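Shown next, in C-alpha cells, is the structure this report addresses.
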Amino acid sequence: MTTRTGHLELSDGARLWFETRGEGPWATFLHPGLWDSRVWDREFDAWSDRFRVLRYDFRGYGRSSRLTGAPYSHVDDLRALLDEVGADETALVGCSMGGAAAIDFTLTEPSRITALVAVAPGLGGFEALEEEEDWWEQRGAPIQRAIEAGDLEHAEDLRLEIWAPLGVDSEGGAAIRRIAFDNIHEMTMDESAEIGIDPPAAVRLGDIDVPTLVVVAEHDPPDSKRCAELIAREVLDGRAIAIDADHVVNLRAPEAFESAVLPFLVENA
C-alpha cells in the first residue's frame with residue numbers, strides 16, 4: 001500500500017508535515033492541541049484499507065514549522081493541503097483543537113466535506129459559563145505558577161491531570177503523556193496571530209448541513225462536555241455518542257472509538 005510522506009511548502013514560507021495512505025474516499029484526521037498527528041497512528045494504519053487517509057501536524061506542532069508571529073489560518077492551511085493531495089472531497093475527523101478547525105473548515109468549504117466527526121471538540125466563539133471559568137481558574141493557577149518558575153515538565157503534568165484524568169500508566173495514557181511532552185514547547189507558544197472565521201462557528205452551527213457525529217468524552221472538563229453537546233444539538237444532521245474516556249478519546253478507548261466512528265464514516269463516505 002502506497003504511503004506518501006512529506007512537507008507542504010505554504011505561500012508564507014511555513015511547512016506542514018503530512019502523510020497519506022490507502023485508496024477510496026478521503027478521510028482526514030486533525031489532531032488536538034498539546035499533541036500532534038501521531039495520536040492517529042492506530043486509525044491511520046487500520047482504516048487505510050477502507051479510506052484514503054490523510055493526517056498532518058498543525059503549524060507549531062510535531063514536524064511542522066514553528067509559529068513566527070505572522071498571521072495564519074488553519075482553514076487556509078487545510079485547504080492548501082487538500083489541494084496538494086488532490087482531495088476534492090473528504091470526511092473530517094478532528095479532536096479538540098482539530099475538531100474546532102474541522103468545524104470552521106466545514107462552514108467555509110461545505111461542498112468539500114462528506115461527513116464531520118467532532119471528538120471532544122473545541123468551538124470558535126464558544127463562551128464558558130461563570131462556574132466553568134471558576135473551574136478553570138482553580139486548576140490553571142498552579143499551572144501558571146509552574147510555567148513562571150520555568151518548570152514546564154511539572155506544568156505539563158498538571159495539565160494532563162485536566163486532560164488525562166484517567167491517568168498515564170496504561171498504554172493509551174502513556175502515549176498521551178509522551179506525545180504531549182514531545183510538544184511541550186506548545187505550552188509557551190504564542191498562537192494569538194491565528195485568524196479565525198468571522199462570524200465565529202458558535203453562532204453558525206445551524207449552517208452545517210453534512211452528517212455530523214459528535215463524540216463526547218465523559219471525563220472531559222465541564223465546558224468541553226457542554227460544548228460538544230451544543231454542537232450535536234445545533235447542527236442540522238447531528239448525533240452524539242458519549243464514550244467512557246478522557247480528552248484524547250481514540251487513544252484512551254480505541255475500540256469504543258472505532259465502533260462508534262468507523263461505521264458512521266463508511267455509511268456517509
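Quick note on naming: the chains in the C-alpha cells go A, B, ... in the order shown, residues restart at 1 in each chain, and ligands are numbered from 1 in order of appearance.
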### Task
Write out as number ranges by chain each polymer residue whose atoms come within 10 Å of range 69-81 of chain A, counting only C-alpha atoms; drop sequence neighbours fewer than 2 positions from it.
A: 7-12, 14-18, 28, 30, 54-56, 58-59, 66-67, 83-88, 98, 100-109, 112, 189-197
task: Mind listing the strand (DSSP E) residues of range 157-260 of chain A, per DSSP on the backbone, as a count of residues only?
output: 12
>> as a VMD selection string, please: every residue in range 51-143 of chain A that a backbone DSSP assignment puts in helix (DSSP H, G or I).
In response: chain A and resid 74 to 85 97 to 108 110 to 112 130 to 143
Output N, CA and C atoms for every residue in that selection, as a CSV table (one decimal), in the first residue's frame.
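The resulting file, part.csv, is reproduced below:
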chain,number,residue,atom,x,y,z
A,74,HIS,N,-5.8,28.1,10.1
A,74,HIS,CA,-5.9,26.7,10.0
A,74,HIS,C,-6.8,26.3,8.8
A,75,VAL,N,-7.8,27.1,8.5
A,75,VAL,CA,-8.7,26.8,7.3
A,75,VAL,C,-7.9,26.9,6.1
A,76,ASP,N,-7.1,27.9,5.9
A,76,ASP,CA,-6.3,28.1,4.7
A,76,ASP,C,-5.2,27.0,4.6
A,77,ASP,N,-4.6,26.6,5.7
A,77,ASP,CA,-3.6,25.5,5.7
A,77,ASP,C,-4.3,24.2,5.2
A,78,LEU,N,-5.4,23.9,5.8
A,78,LEU,CA,-6.1,22.7,5.4
A,78,LEU,C,-6.5,22.7,3.9
A,79,ARG,N,-7.0,23.8,3.5
A,79,ARG,CA,-7.4,23.9,2.1
A,79,ARG,C,-6.2,23.7,1.1
A,80,ALA,N,-5.0,24.3,1.5
A,80,ALA,CA,-3.8,24.1,0.7
A,80,ALA,C,-3.4,22.7,0.7
A,81,LEU,N,-3.5,22.0,1.8
A,81,LEU,CA,-3.1,20.6,1.9
A,81,LEU,C,-4.0,19.7,1.1
A,82,LEU,N,-5.3,19.9,1.2
A,82,LEU,CA,-6.2,19.1,0.4
A,82,LEU,C,-6.0,19.3,-1.1
A,83,ASP,N,-5.8,20.5,-1.5
A,83,ASP,CA,-5.5,20.8,-2.9
A,83,ASP,C,-4.2,20.0,-3.3
A,84,GLU,N,-3.2,20.0,-2.5
A,84,GLU,CA,-1.9,19.4,-2.8
A,84,GLU,C,-2.1,17.9,-3.0
A,85,VAL,N,-2.9,17.2,-2.2
A,85,VAL,CA,-3.0,15.8,-2.3
A,85,VAL,C,-4.1,15.4,-3.3
A,97,MET,N,-8.8,20.9,19.5
A,97,MET,CA,-8.5,21.9,18.5
A,97,MET,C,-8.7,21.5,17.1
A,98,GLY,N,-8.4,20.2,16.8
A,98,GLY,CA,-8.7,19.7,15.5
A,98,GLY,C,-10.2,19.7,15.1
A,99,GLY,N,-11.0,19.4,16.2
A,99,GLY,CA,-12.4,19.5,16.0
A,99,GLY,C,-12.9,20.9,15.6
A,100,ALA,N,-12.4,21.9,16.3
A,100,ALA,CA,-12.7,23.3,16.0
A,100,ALA,C,-12.3,23.6,14.6
A,101,ALA,N,-11.1,23.2,14.2
A,101,ALA,CA,-10.7,23.5,12.8
A,101,ALA,C,-11.5,22.8,11.8
A,102,ALA,N,-11.9,21.6,12.1
A,102,ALA,CA,-12.8,20.9,11.2
A,102,ALA,C,-14.2,21.5,11.0
A,103,ILE,N,-14.7,22.1,12.1
A,103,ILE,CA,-16.0,22.8,12.1
A,103,ILE,C,-15.8,24.1,11.2
A,104,ASP,N,-14.7,24.8,11.5
A,104,ASP,CA,-14.5,26.0,10.7
A,104,ASP,C,-14.4,25.7,9.3
A,105,PHE,N,-13.6,24.7,8.9
A,105,PHE,CA,-13.5,24.3,7.5
A,105,PHE,C,-14.8,23.9,6.9
A,106,THR,N,-15.6,23.2,7.6
A,106,THR,CA,-16.9,22.7,7.1
A,106,THR,C,-17.8,23.9,6.8
A,107,LEU,N,-17.7,25.0,7.6
A,107,LEU,CA,-18.5,26.2,7.4
A,107,LEU,C,-18.0,27.0,6.2
A,108,THR,N,-16.7,26.9,6.0
A,108,THR,CA,-16.1,27.7,4.9
A,108,THR,C,-16.1,27.0,3.6
A,110,PRO,N,-18.2,24.0,2.6
A,110,PRO,CA,-19.1,22.9,2.8
A,110,PRO,C,-19.2,21.9,1.7
A,111,SER,N,-19.0,22.3,0.5
A,111,SER,CA,-19.1,21.4,-0.7
A,111,SER,C,-18.0,20.3,-0.7
A,112,ARG,N,-16.9,20.5,0.1
A,112,ARG,CA,-15.8,19.6,0.1
A,112,ARG,C,-15.9,18.5,1.2
A,130,GLU,N,-19.9,31.2,34.0
A,130,GLU,CA,-19.1,31.7,35.2
A,130,GLU,C,-18.5,30.5,36.0
A,131,GLU,N,-19.3,29.5,36.3
A,131,GLU,CA,-18.9,28.4,37.1
A,131,GLU,C,-17.8,27.6,36.4
A,132,GLU,N,-17.9,27.6,35.1
A,132,GLU,CA,-16.8,26.9,34.3
A,132,GLU,C,-15.5,27.7,34.3
A,133,GLU,N,-15.6,29.0,34.2
A,133,GLU,CA,-14.4,29.8,34.3
A,133,GLU,C,-13.8,29.6,35.7
A,134,ASP,N,-14.6,29.5,36.8
A,134,ASP,CA,-14.1,29.3,38.1
A,134,ASP,C,-13.4,28.0,38.2
A,135,TRP,N,-13.9,26.9,37.5
A,135,TRP,CA,-13.3,25.6,37.5
A,135,TRP,C,-11.9,25.7,36.8
A,136,TRP,N,-11.8,26.4,35.8
A,136,TRP,CA,-10.5,26.6,35.1
A,136,TRP,C,-9.5,27.4,35.9
A,137,GLU,N,-10.0,28.5,36.5
A,137,GLU,CA,-9.1,29.3,37.3
A,137,GLU,C,-8.5,28.5,38.4
A,138,GLN,N,-9.3,27.7,39.1
A,138,GLN,CA,-8.8,26.9,40.2
A,138,GLN,C,-7.7,26.0,39.7
A,139,ARG,N,-7.8,25.4,38.6
A,139,ARG,CA,-6.8,24.4,38.1
A,139,ARG,C,-5.7,25.1,37.3
A,140,GLY,N,-6.0,26.2,36.7
A,140,GLY,CA,-5.0,26.9,35.9
A,140,GLY,C,-3.9,27.6,36.7
A,141,ALA,N,-4.3,28.1,37.9
A,141,ALA,CA,-3.4,28.9,38.7
A,141,ALA,C,-2.1,28.2,39.0
A,142,PRO,N,-2.1,26.9,39.5
A,142,PRO,CA,-0.8,26.2,39.7
A,142,PRO,C,0.0,25.9,38.5
A,143,ILE,N,-0.7,25.8,37.3
A,143,ILE,CA,0.0,25.6,36.1
A,143,ILE,C,0.7,26.8,35.7
Considering only C-alpha atoms, return as a short mmCIF file (atom, residue, chain, number, x, y, z; two decimals) with C-alpha atoms, in the first residue's frame whatever protein or nucleic-acid residues lie within 12 Å of Phe126 in chain A, sequence-local ones (same chain, fewer than 6 positions apart) excluded.
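Output file part_22.cif is given in full below:
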data_model
loop_
_atom_site.label_atom_id
_atom_site.label_comp_id
_atom_site.auth_asym_id
_atom_site.auth_seq_id
_atom_site.Cartn_x
_atom_site.Cartn_y
_atom_site.Cartn_z
CA ALA A 100 -12.71 23.27 16.04
CA PRO A 199 -18.55 35.32 12.38
CA PRO A 200 -17.30 32.50 14.61
CA ALA A 201 -18.60 28.97 14.42
CA ALA A 202 -20.55 29.12 17.69
CA VAL A 203 -23.19 31.38 16.08
CA ARG A 204 -23.27 29.46 12.78
CA LEU A 205 -23.74 25.83 13.76
CA ASP A 223 -17.30 23.30 29.49
CA SER A 224 -15.88 20.85 26.95
CA ARG A 226 -21.31 21.26 27.21
CA CYS A 227 -19.62 22.46 24.01
CA ALA A 228 -19.85 19.00 22.44
CA LEU A 230 -24.25 22.11 21.93
CA ILE A 231 -22.70 21.19 18.58
#
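Nearest to Val235 in chain A of all the residues A:Met1, A:Val210, A:Ala91, A:Val39 is A:Val210, counting only C-alpha atoms.
If you count only C-alpha atoms and ignore residues fewer than 3 places along the chain from Ala217 in chain A, what sits within 7 Å of it is A:Ala120, A:Asp220, A:Lys225, A:Ala242, A:Ile243, A:Asp244, A:Ala245, A:Asp246, A:His247, A:Val249.
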Contacts of range 145-162 of chain A at 10 Å (only C-alpha atoms; same-chain gap of 5+ positions) as a PyMOL selection string: chain A and resi 34+136+139-140+167-168+173+176-177+180-181+183-185+187-188+219-221+246-247
The residue from A:Asn268, A:Thr3, A:Ser170, A:Thr212 with the smallest atom-to-atom distance to Leu251 in chain A, counting only C-alpha atoms, is A:Ser170
